[in-house]
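Data from coords-v6.cif: mmCIF, C-alpha atoms and all ligand atoms
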```
data_model
loop_
_atom_site.group_PDB
_atom_site.id
_atom_site.type_symbol
_atom_site.label_atom_id
_atom_site.label_comp_id
_atom_site.auth_asym_id
_atom_site.auth_seq_id
_atom_site.Cartn_x
_atom_site.Cartn_y
_atom_site.Cartn_z
ATOM 1 C CA MET A 1 16.823 -3.952 -16.544
ATOM 2 C CA ARG A 2 15.517 -1.347 -14.159
ATOM 3 C CA SER A 3 12.274 0.528 -14.458
ATOM 4 C CA SER A 4 11.168 3.531 -12.462
ATOM 5 C CA VAL A 5 8.535 6.227 -12.035
ATOM 6 C CA ALA A 6 9.669 9.641 -10.810
ATOM 7 C CA ASP A 7 12.974 8.121 -9.701
ATOM 8 C CA LYS A 8 11.110 5.464 -7.705
ATOM 9 C CA HIS A 9 12.306 1.968 -8.535
ATOM 10 C CA ILE A 10 9.507 -0.305 -9.808
ATOM 11 C CA SER A 11 11.159 -3.433 -11.083
ATOM 12 C CA GLY A 12 14.456 -4.974 -12.067
ATOM 13 C CA ALA A 13 15.705 -8.165 -13.691
ATOM 14 C CA GLU A 14 18.975 -9.790 -14.731
ATOM 15 C CA ARG A 15 19.931 -12.040 -17.625
ATOM 16 C CA ILE A 16 23.150 -13.642 -18.816
ATOM 17 C CA VAL A 17 22.867 -14.655 -22.465
ATOM 18 C CA GLU A 18 24.965 -15.400 -25.530
ATOM 19 C CA TYR A 19 25.755 -12.445 -27.767
ATOM 20 C CA THR A 20 23.345 -13.760 -30.391
ATOM 21 C CA ALA A 21 20.469 -13.902 -27.893
ATOM 22 C CA ILE A 22 20.662 -10.252 -26.820
ATOM 23 C CA ASP A 23 17.729 -9.087 -28.996
ATOM 24 C CA ASN A 24 15.317 -11.638 -27.543
ATOM 25 C CA ALA A 25 16.490 -10.995 -23.992
ATOM 26 C CA VAL A 26 15.985 -7.236 -24.371
ATOM 27 C CA GLN A 27 12.488 -7.820 -25.757
ATOM 28 C CA GLU A 28 11.609 -10.050 -22.787
ATOM 29 C CA LEU A 29 12.968 -7.552 -20.297
ATOM 30 C CA VAL A 30 10.953 -4.698 -21.822
ATOM 31 C CA THR A 31 7.837 -6.858 -21.593
ATOM 32 C CA ARG A 32 8.696 -7.543 -17.927
ATOM 33 C CA ALA A 33 9.211 -3.833 -17.238
ATOM 34 C CA LYS A 34 5.801 -2.996 -18.695
ATOM 35 C CA GLY A 35 4.001 -5.766 -16.862
ATOM 36 C CA LYS A 36 3.903 -4.564 -13.267
ATOM 37 C CA GLY A 37 0.735 -2.440 -13.348
ATOM 38 C CA LEU A 38 2.341 1.007 -13.149
ATOM 39 C CA VAL A 39 3.439 2.548 -16.442
ATOM 40 C CA PRO A 40 7.197 3.127 -16.078
ATOM 41 C CA GLU A 41 8.592 6.556 -16.921
ATOM 42 C CA GLN A 42 12.017 5.096 -17.479
ATOM 43 C CA ILE A 43 13.173 1.655 -18.537
ATOM 44 C CA ALA A 44 16.948 1.353 -18.377
ATOM 45 C CA ILE A 45 18.624 -1.648 -19.915
ATOM 46 C CA THR A 46 22.368 -2.021 -19.484
ATOM 47 C CA ILE A 47 24.181 -4.575 -21.608
ATOM 48 C CA GLU A 48 27.650 -5.585 -20.489
ATOM 49 C CA PHE A 49 30.156 -7.952 -22.063
ATOM 50 C CA LEU A 50 31.194 -10.518 -19.449
ATOM 51 C CA GLY A 51 33.872 -12.237 -21.496
ATOM 52 C CA SER A 52 33.608 -15.818 -22.536
ATOM 53 C CA GLY A 53 33.905 -17.300 -19.058
ATOM 54 C CA PRO A 54 34.548 -19.575 -17.336
ATOM 55 C CA PHE A 55 31.777 -18.428 -15.011
ATOM 56 C CA ARG A 56 31.100 -19.774 -11.580
ATOM 57 C CA MET A 57 28.595 -22.615 -11.964
ATOM 58 C CA LEU A 58 26.176 -23.459 -9.176
ATOM 59 C CA THR A 59 23.432 -25.971 -8.467
ATOM 60 C CA ALA A 60 20.122 -24.366 -7.506
ATOM 61 C CA LEU A 61 19.025 -24.576 -3.883
ATOM 62 C CA ASP A 62 16.444 -27.244 -3.003
ATOM 63 C CA VAL A 63 12.905 -25.851 -2.885
ATOM 64 C CA VAL A 64 10.095 -26.508 -0.427
ATOM 65 C CA THR A 65 6.909 -24.587 0.490
ATOM 66 C CA LEU A 66 5.695 -24.458 4.090
ATOM 67 C CA ASN A 67 1.903 -24.232 4.197
ATOM 68 C CA ALA A 68 1.625 -21.481 6.786
ATOM 69 C CA PRO A 69 -1.932 -20.226 6.157
ATOM 70 C CA ASP A 70 -1.539 -16.521 6.923
ATOM 71 C CA MET A 71 0.994 -13.739 7.418
ATOM 72 C CA ILE A 72 1.362 -14.180 11.189
ATOM 73 C CA ARG A 73 2.103 -17.871 10.938
ATOM 74 C CA GLY A 74 4.184 -17.302 7.807
ATOM 75 C CA ARG A 75 6.463 -14.818 9.552
ATOM 76 C CA ASP A 76 6.637 -17.004 12.640
ATOM 77 C CA SER A 77 7.720 -20.027 10.588
ATOM 78 C CA ALA A 78 10.140 -17.887 8.552
ATOM 79 C CA SER A 79 11.781 -16.755 11.815
ATOM 80 C CA GLN A 80 12.167 -20.380 12.876
ATOM 81 C CA VAL A 81 13.777 -21.288 9.560
ATOM 82 C CA LEU A 82 16.112 -18.296 9.880
ATOM 83 C CA HIS A 83 17.020 -19.492 13.362
ATOM 84 C CA ILE A 84 17.839 -22.963 12.026
ATOM 85 C CA ALA A 85 20.075 -21.313 9.427
ATOM 86 C CA GLY A 86 22.009 -19.470 12.155
ATOM 87 C CA VAL A 87 20.194 -16.123 12.538
ATOM 88 C CA SER A 88 19.373 -15.021 16.094
ATOM 89 C CA ARG A 89 15.711 -14.539 16.990
ATOM 90 C CA ALA A 90 16.411 -10.873 17.737
ATOM 91 C CA ALA A 91 17.975 -10.303 14.295
ATOM 92 C CA ALA A 92 15.078 -12.082 12.557
ATOM 93 C CA LYS A 93 12.608 -9.864 14.425
ATOM 94 C CA THR A 94 14.538 -6.722 13.497
ATOM 95 C CA ALA A 95 14.650 -7.761 9.836
ATOM 96 C CA ILE A 96 10.909 -8.433 9.713
ATOM 97 C CA ARG A 97 10.214 -5.063 11.319
ATOM 98 C CA HIS A 98 12.398 -3.225 8.794
ATOM 99 C CA LEU A 99 10.754 -4.961 5.835
ATOM 100 C CA SER A 100 7.261 -4.272 7.195
ATOM 101 C CA VAL A 101 7.677 -0.537 7.602
ATOM 102 C CA GLY A 102 9.940 0.247 4.628
ATOM 103 C CA SER A 103 13.655 -0.159 5.110
ATOM 104 C CA SER A 104 15.049 2.967 3.454
ATOM 105 C CA PRO A 105 15.659 6.050 5.627
ATOM 106 C CA SER A 106 12.786 7.805 3.841
ATOM 107 C CA GLY A 107 10.428 4.953 4.811
ATOM 108 C CA GLY A 108 10.124 3.491 1.322
ATOM 109 C CA ASN A 109 11.377 0.259 -0.188
ATOM 110 C CA MET A 110 15.029 -0.084 -1.062
ATOM 111 C CA ARG A 111 16.211 -0.930 -4.571
ATOM 112 C CA GLY A 112 18.590 -3.500 -3.171
ATOM 113 C CA ALA A 113 19.024 -5.517 0.001
ATOM 114 C CA MET A 114 19.952 -4.726 3.573
ATOM 115 C CA ILE A 115 23.042 -6.463 4.901
ATOM 116 C CA MET A 116 22.436 -7.409 8.508
ATOM 117 C CA ASP A 117 24.549 -8.841 11.298
ATOM 118 C CA ALA A 118 22.940 -12.252 11.868
ATOM 119 C CA GLN A 119 23.481 -12.011 15.619
ATOM 120 C CA THR A 120 22.726 -8.416 16.577
ATOM 121 C CA GLY A 121 20.444 -7.276 13.741
ATOM 122 C CA GLU A 122 22.672 -4.261 13.082
ATOM 123 C CA ARG A 123 22.528 -2.970 9.526
ATOM 124 C CA LEU A 124 25.870 -2.962 7.765
ATOM 125 C CA GLU A 125 25.150 -1.939 4.161
ATOM 126 C CA PRO A 126 27.096 1.187 3.174
ATOM 127 C CA ASP A 127 24.107 2.896 1.501
ATOM 128 C CA ARG A 128 20.798 2.517 3.327
ATOM 129 C CA GLU A 129 18.711 4.166 0.656
ATOM 130 C CA ARG A 130 19.894 1.901 -2.127
ATOM 131 C CA GLY A 131 21.140 -1.247 -0.376
ATOM 132 C CA ILE A 132 23.136 -3.860 -2.265
ATOM 133 C CA ARG A 133 21.797 -5.285 -5.510
ATOM 134 C CA ALA A 134 22.867 -8.771 -6.448
ATOM 135 C CA SER A 135 23.637 -8.808 -10.145
ATOM 136 C CA ARG A 136 25.069 -11.026 -12.910
ATOM 137 C CA TYR A 137 23.294 -14.302 -12.272
ATOM 138 C CA ASP A 138 21.059 -16.423 -14.469
ATOM 139 C CA TRP A 139 20.069 -19.968 -15.356
ATOM 140 C CA ASP A 140 21.788 -21.504 -18.343
ATOM 141 C CA GLU A 141 19.185 -22.087 -21.028
ATOM 142 C CA GLU A 142 18.691 -25.814 -20.602
ATOM 143 C CA THR A 143 18.585 -25.635 -16.796
ATOM 144 C CA SER A 144 16.120 -22.766 -17.004
ATOM 145 C CA HIS A 145 13.645 -24.966 -18.901
ATOM 146 C CA LYS A 146 14.350 -27.882 -16.588
ATOM 147 C CA ILE A 147 13.651 -25.930 -13.384
ATOM 148 C CA GLN A 148 10.521 -24.358 -14.858
ATOM 149 C CA ARG A 149 9.142 -27.825 -15.603
ATOM 150 C CA LYS A 150 10.149 -29.098 -12.165
ATOM 151 C CA LEU A 151 8.665 -26.102 -10.321
ATOM 152 C CA ALA A 152 5.444 -26.524 -12.320
ATOM 153 C CA THR A 153 5.082 -30.083 -10.939
ATOM 154 C CA ILE A 154 4.803 -28.584 -7.444
ATOM 155 C CA GLY A 155 2.459 -25.792 -8.581
ATOM 156 C CA LEU A 156 5.034 -22.991 -8.812
ATOM 157 C CA THR A 157 4.560 -21.408 -12.219
ATOM 158 C CA HIS A 158 5.119 -17.721 -11.409
ATOM 159 C CA TYR A 159 8.160 -16.150 -13.082
ATOM 160 C CA ARG A 160 9.032 -14.638 -9.709
ATOM 161 C CA THR A 161 9.894 -18.016 -8.178
ATOM 162 C CA HIS A 162 12.110 -18.873 -11.148
ATOM 163 C CA GLU A 163 13.983 -15.559 -10.877
ATOM 164 C CA ALA A 164 14.166 -15.444 -7.096
ATOM 165 C CA LEU A 165 15.551 -18.984 -6.914
ATOM 166 C CA ALA A 166 18.454 -17.971 -9.174
ATOM 167 C CA LEU A 167 19.133 -14.860 -7.086
ATOM 168 C CA ALA A 168 18.855 -16.790 -3.802
ATOM 169 C CA THR A 169 21.246 -19.459 -5.096
ATOM 170 C CA LYS A 170 23.871 -16.869 -5.958
ATOM 171 C CA VAL A 171 23.407 -15.051 -2.641
ATOM 172 C CA ALA A 172 23.490 -18.228 -0.501
ATOM 173 C CA HIS A 173 26.942 -19.026 -1.908
ATOM 174 C CA ALA A 174 28.359 -15.588 -1.104
ATOM 175 C CA PRO A 175 31.303 -15.532 1.308
ATOM 176 C CA GLY A 176 30.017 -14.875 4.839
ATOM 177 C CA ILE A 177 26.289 -15.105 4.062
ATOM 178 C CA ILE A 178 24.219 -17.014 6.621
ATOM 179 C CA ALA A 179 20.724 -16.629 5.129
ATOM 180 C CA GLU A 180 18.385 -14.400 3.147
ATOM 181 C CA LEU A 181 14.840 -13.223 3.886
ATOM 182 C CA CYS A 182 12.659 -11.815 1.108
ATOM 183 C CA TRP A 183 9.176 -10.750 0.354
ATOM 184 C CA SER A 184 8.124 -8.733 -2.652
ATOM 185 C CA ASP A 185 7.008 -5.114 -2.656
ATOM 186 C CA ASP A 186 4.370 -6.008 -5.264
ATOM 187 C CA PRO A 187 1.024 -5.466 -3.442
ATOM 188 C CA ASP A 188 -0.518 -8.435 -5.292
ATOM 189 C CA TYR A 189 2.238 -10.891 -4.426
ATOM 190 C CA THR A 190 2.195 -12.083 -0.811
ATOM 191 C CA ALA A 191 4.670 -14.975 -0.993
ATOM 192 C CA GLY A 192 8.232 -14.800 0.234
ATOM 193 C CA TYR A 193 11.112 -17.010 1.268
ATOM 194 C CA VAL A 194 14.026 -17.757 3.514
ATOM 195 C CA ALA A 195 17.073 -19.166 1.741
ATOM 196 C CA SER A 196 20.369 -20.565 2.988
ATOM 197 C CA LEU A 197 22.805 -23.351 2.150
ATOM 198 C CA ARG A 198 21.612 -25.118 5.315
ATOM 199 C CA THR A 199 17.864 -25.051 4.620
ATOM 200 C CA GLY A 200 17.606 -24.506 0.870
ATOM 201 C CA TYR A 201 14.908 -22.202 -0.521
ATOM 202 C CA VAL A 202 11.978 -22.325 1.891
ATOM 203 C CA ARG A 203 8.893 -20.606 0.544
ATOM 204 C CA PHE A 204 5.863 -19.212 2.384
ATOM 205 C CA PRO A 205 2.611 -18.314 0.594
ATOM 206 C CA PHE A 206 1.998 -15.361 2.936
ATOM 207 C CA LEU A 207 4.698 -13.179 4.432
ATOM 208 C CA LYS A 208 2.507 -10.076 4.149
ATOM 209 C CA GLN A 209 -1.127 -9.076 3.623
ATOM 210 C CA GLU A 210 -2.626 -8.654 0.173
ATOM 211 C CA GLY A 211 -2.424 -4.974 -0.876
ATOM 212 C CA ASP A 212 0.690 -4.192 1.190
ATOM 213 C CA ASP A 213 3.314 -2.450 -0.958
ATOM 214 C CA LYS A 214 6.199 -2.858 1.489
ATOM 215 C CA GLY A 215 8.849 -5.486 0.825
ATOM 216 C CA GLY A 216 12.525 -6.089 0.362
ATOM 217 C CA ARG A 217 15.451 -8.374 1.025
ATOM 218 C CA VAL A 218 17.789 -8.935 3.930
ATOM 219 C CA PHE A 219 21.136 -10.678 3.543
ATOM 220 C CA PHE A 220 22.239 -11.919 6.985
ATOM 221 C CA VAL A 221 25.997 -12.182 7.466
ATOM 222 C CA ASP A 222 28.495 -13.531 9.937
ATOM 223 C CA ARG A 223 30.116 -10.295 10.986
ATOM 224 C CA ASP A 224 33.224 -12.011 12.340
ATOM 225 C CA THR A 225 34.148 -13.564 9.021
ATOM 226 C CA ILE A 226 32.858 -11.257 6.302
ATOM 227 C CA VAL A 227 35.097 -8.970 4.348
ATOM 228 C CA MET A 228 32.530 -6.413 3.212
ATOM 229 C CA ASN A 229 34.344 -5.431 0.008
ATOM 230 C CA SER A 230 34.735 -9.063 -1.119
ATOM 231 C CA LEU A 231 31.085 -9.766 -0.313
ATOM 232 C CA ILE A 232 29.868 -6.770 -2.308
ATOM 233 C CA LEU A 233 32.223 -7.558 -5.181
ATOM 234 C CA TYR A 234 30.881 -11.121 -5.361
ATOM 235 C CA LEU A 235 27.236 -10.029 -5.173
ATOM 236 C CA GLN A 236 27.521 -7.258 -7.734
ATOM 237 C CA THR A 237 30.120 -8.373 -10.211
ATOM 238 C CA GLU A 238 30.921 -12.102 -10.192
ATOM 239 C CA ALA A 239 29.013 -13.804 -13.000
ATOM 240 C CA VAL A 240 27.193 -16.921 -11.830
ATOM 241 C CA LEU A 241 25.344 -19.422 -13.983
ATOM 242 C CA ILE A 242 22.969 -21.948 -12.445
ATOM 243 C CA THR A 243 23.708 -25.118 -14.351
ATOM 244 C CA ASP A 244 21.890 -27.777 -12.338
ATOM 245 C CA ILE A 245 18.660 -28.022 -10.394
ATOM 246 C CA GLY A 246 18.114 -29.142 -6.816
ATOM 247 C CA GLU A 247 15.256 -31.081 -5.269
ATOM 248 C CA CYS A 248 11.752 -29.564 -5.487
ATOM 249 C CA ARG A 249 9.580 -31.011 -2.737
ATOM 250 C CA PRO A 250 5.778 -30.788 -2.548
ATOM 251 C CA SER A 251 4.417 -28.354 0.037
ATOM 252 C CA ILE A 252 4.429 -29.459 3.667
ATOM 253 C CA GLU A 253 2.893 -28.290 6.969
ATOM 254 C CA PRO A 254 5.378 -26.182 8.970
ATOM 255 C CA GLU A 255 5.167 -28.545 11.988
ATOM 256 C CA ASP A 256 6.007 -31.546 9.795
ATOM 257 C CA TYR A 257 8.918 -29.671 8.250
ATOM 258 C CA PHE A 258 10.348 -28.749 11.657
ATOM 259 C CA ASP A 259 9.822 -32.334 12.873
ATOM 260 C CA THR A 260 11.963 -33.653 10.021
ATOM 261 C CA LEU A 261 14.825 -31.445 11.208
ATOM 262 C CA THR A 262 14.821 -32.564 14.849
HETATM 263 P P1 LIG B 301 10.946 -8.177 -5.991
HETATM 264 O O1 LIG B 301 11.100 -9.609 -5.552
HETATM 265 O O2 LIG B 301 11.462 -7.919 -7.361
HETATM 266 O O3 LIG B 301 9.558 -7.659 -5.748
HETATM 267 O O4 LIG B 301 11.894 -7.382 -5.040
HETATM 268 C C1 LIG B 301 11.583 -7.179 -3.687
HETATM 269 C C2 LIG B 301 12.639 -6.314 -3.069
HETATM 270 O O5 LIG B 301 13.881 -7.033 -3.033
HETATM 271 C C3 LIG B 301 12.949 -5.028 -3.810
HETATM 272 O O6 LIG B 301 12.133 -3.974 -3.343
HETATM 273 C C4 LIG B 301 14.387 -4.760 -3.422
HETATM 274 O O7 LIG B 301 14.437 -4.134 -2.160
HETATM 275 C C5 LIG B 301 14.951 -6.160 -3.271
HETATM 276 N N1 LIG B 301 15.636 -6.620 -4.485
HETATM 277 C C6 LIG B 301 15.098 -6.842 -5.708
HETATM 278 N N2 LIG B 301 16.024 -7.281 -6.584
HETATM 279 C C7 LIG B 301 17.178 -7.353 -5.886
HETATM 280 C C8 LIG B 301 18.506 -7.730 -6.220
HETATM 281 N N3 LIG B 301 18.837 -8.122 -7.452
HETATM 282 N N4 LIG B 301 19.444 -7.675 -5.244
HETATM 283 C C9 LIG B 301 19.129 -7.274 -3.990
HETATM 284 N N5 LIG B 301 17.900 -6.907 -3.619
HETATM 285 C C10 LIG B 301 16.932 -6.939 -4.543
#
```
Write out the structure in this file as structure tokens.
Amino acid sequence: MRSSVADKHISGAERIVEYTAIDNAVQELVTRAKGKGLVPEQIAITIEFLGSGPFRMLTALDVVTLNAPDMIRGRDSASQVLHIAGVSRAAAKTAIRHLSVGSSPSGGNMRGAMIMDAQTGERLEPDRERGIRASRYDWDEETSHKIQRKLATIGLTHYRTHEALALATKVAHAPGIIAELCWSDDPDYTAGYVASLRTGYVRFPFLKQEGDDKGGRVFFVDRDTIVMNSLILYLQTEAVLITDIGECRPSIEPEDYFDTLT
């Protein structure tokens, strides 16, 4: 689903469901499209037959929240986590700057993600206005309920965490991906995350100030090993189902988290 106003992207969401569950899924996606404050001028829902599988099955990344109390400390801790995952400090700084000012050439938010060299910070995505949208990923039904219950035990009840964890799990398993950085463009939603196979899904309550409508995603890659076409093909077209959950740890002070890694 994608919704927009005057050609400006407002929201998007992905589902993979059985043929018989299409009606319910469409209803849910329309409700999602209408729920972001702005009244959309267009809601586009594309339904594609993916065959009967087998799909790639993945276990969700482990989840932890670092209690950085404000945006400055949030971004600082996020940079450290990116560094642990294999992103240079310079590339992390460049990524944060792009997300803060609006990463499309026109200064707005992109519909998809930047692809960035994890060492130099150079942008590699073929279309800088649009970026790359990860698509065709979802929880299987049982695992979806399971992770929602598990996330609720650590206070994470927002649908955004549930959806972003599925996306981040697919992205972290992409060939050549080192890490992902994300914060939302929703002015009311200040949380964001760094995700990688090395660190899991590391969440921060504040990666931007309340009221800020700039946000986006950066997929950091190892430029020496990626084959851009294969990476894009995986992100956009390979169907991935999340069929098991990872660990969900209670929130922790950033210093304590970094201590456990040294
Ligand atoms: P959201 O978390 O939905 O607020 O999205 C925040 C930003 O992440 C958007 O402005 C896009 O730039 C980017 N984004 C959202 N969905 C995707 C996706 N499926 N693949 C890649 N980037 C995305």
* Rank nothing, just name the residue among A:Gly102, A:Gly192, A:Gly216, A:Gly200 nearest to Thr169 (chain A), using all atoms listed in the file. =>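 Checking each candidate against Thr169 (chain A), we get A:Gly200 as the closest.
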* Skipping near chain neighbours, those fewer than 4 positions away, what residues fall within 9 Å of Gly121 (chain A) using all atoms listed in the file, listed as a list of chain:residue names? -> A:Val87, A:Ser88, A:Ala90, A:Ala91, A:Ala92, A:Lys93, A:Thr94, A:Ala95, A:Met116, A:Asp117, A:Phe220
Each side padded by 6 Å, which centre and which edge lengths in Å (one decimal) define the axis-aligned box around the listed atoms of ligand LIG 301 (chain B)? Give them as AutoDock Vina command-line options.
```
--center_x 14.5 --center_y -6.8 --center_z -4.8 --size_x 21.9 --size_y 17.6 --size_z 17.3
```
Mind checking which residues fall within 9 Å of Ile84 (chain A), counting only C-alpha atoms, ignoring those fewer than 5 positions away in the same chain, and posting them as a compact mmCIF listing (two decimals) with C-alpha atoms, in the frame of the given file?
```
# COMPACT_ATOMS: atom_id res chain seq x y z
CA SER A 79 11.78 -16.76 11.82
CA ARG A 198 21.61 -25.12 5.32
CA THR A 199 17.86 -25.05 4.62
```
* Structure fact -> Nearest to Val39 (chain A), restricted to only C-alpha atoms and choosing among A:Ala6, A:Asp23, A:Asp62, A:Gly131, comes out as A:Ala6
Residues of chain A at most 6 Å from ligand LIG 301 (chain B): nearest atom pair and distance in Å, only C-alpha atoms and all ligand atoms, as a tab-separated table:
```
residue	atom	partner	partner_atom	distance
A:Ser11	CA	B:LIG301	O2	5.8
A:Asn109	CA	B:LIG301	O6	5.3
A:Met110	CA	B:LIG301	O7	4.2
A:Arg111	CA	B:LIG301	O7	4.4
A:Gly112	CA	B:LIG301	N5	3.5
A:Ala113	CA	B:LIG301	N5	4.0
A:Ile132	CA	B:LIG301	C9	5.5
A:Arg133	CA	B:LIG301	N4	3.4
A:Ala134	CA	B:LIG301	N4	3.8
A:Ser135	CA	B:LIG301	N3	5.5
A:Trp183	CA	B:LIG301	C1	5.9
A:Ser184	CA	B:LIG301	O3	3.6
A:Asp185	CA	B:LIG301	O3	4.7
A:Asp186	CA	B:LIG301	O3	5.5
A:Gly215	CA	B:LIG301	C2	5.5
A:Gly216	CA	B:LIG301	C2	3.4
A:Arg217	CA	B:LIG301	O5	4.6
```
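When only C-alpha atoms are used to compute distances to Arg15 (chain A), the closest of the residues A:Gln42, A:Ser144, A:Thr59, A:Thr120 turns out to be A:Ser144.
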* To do: Anything within 7 Å of (17.7, -16.5, 0.8): list those residues as a VMD selection string, counting only C-alpha atoms and sticking to the file's coordinates.
  => chain A and resid 168 171 to 172 179 to 182 193 to 196 201
* **Counting only C-alpha atoms, the option among A:Gln209, A:Gln148, A:Thr31, A:Thr20 closest to Arg73 (chain A)** => A:Gln209
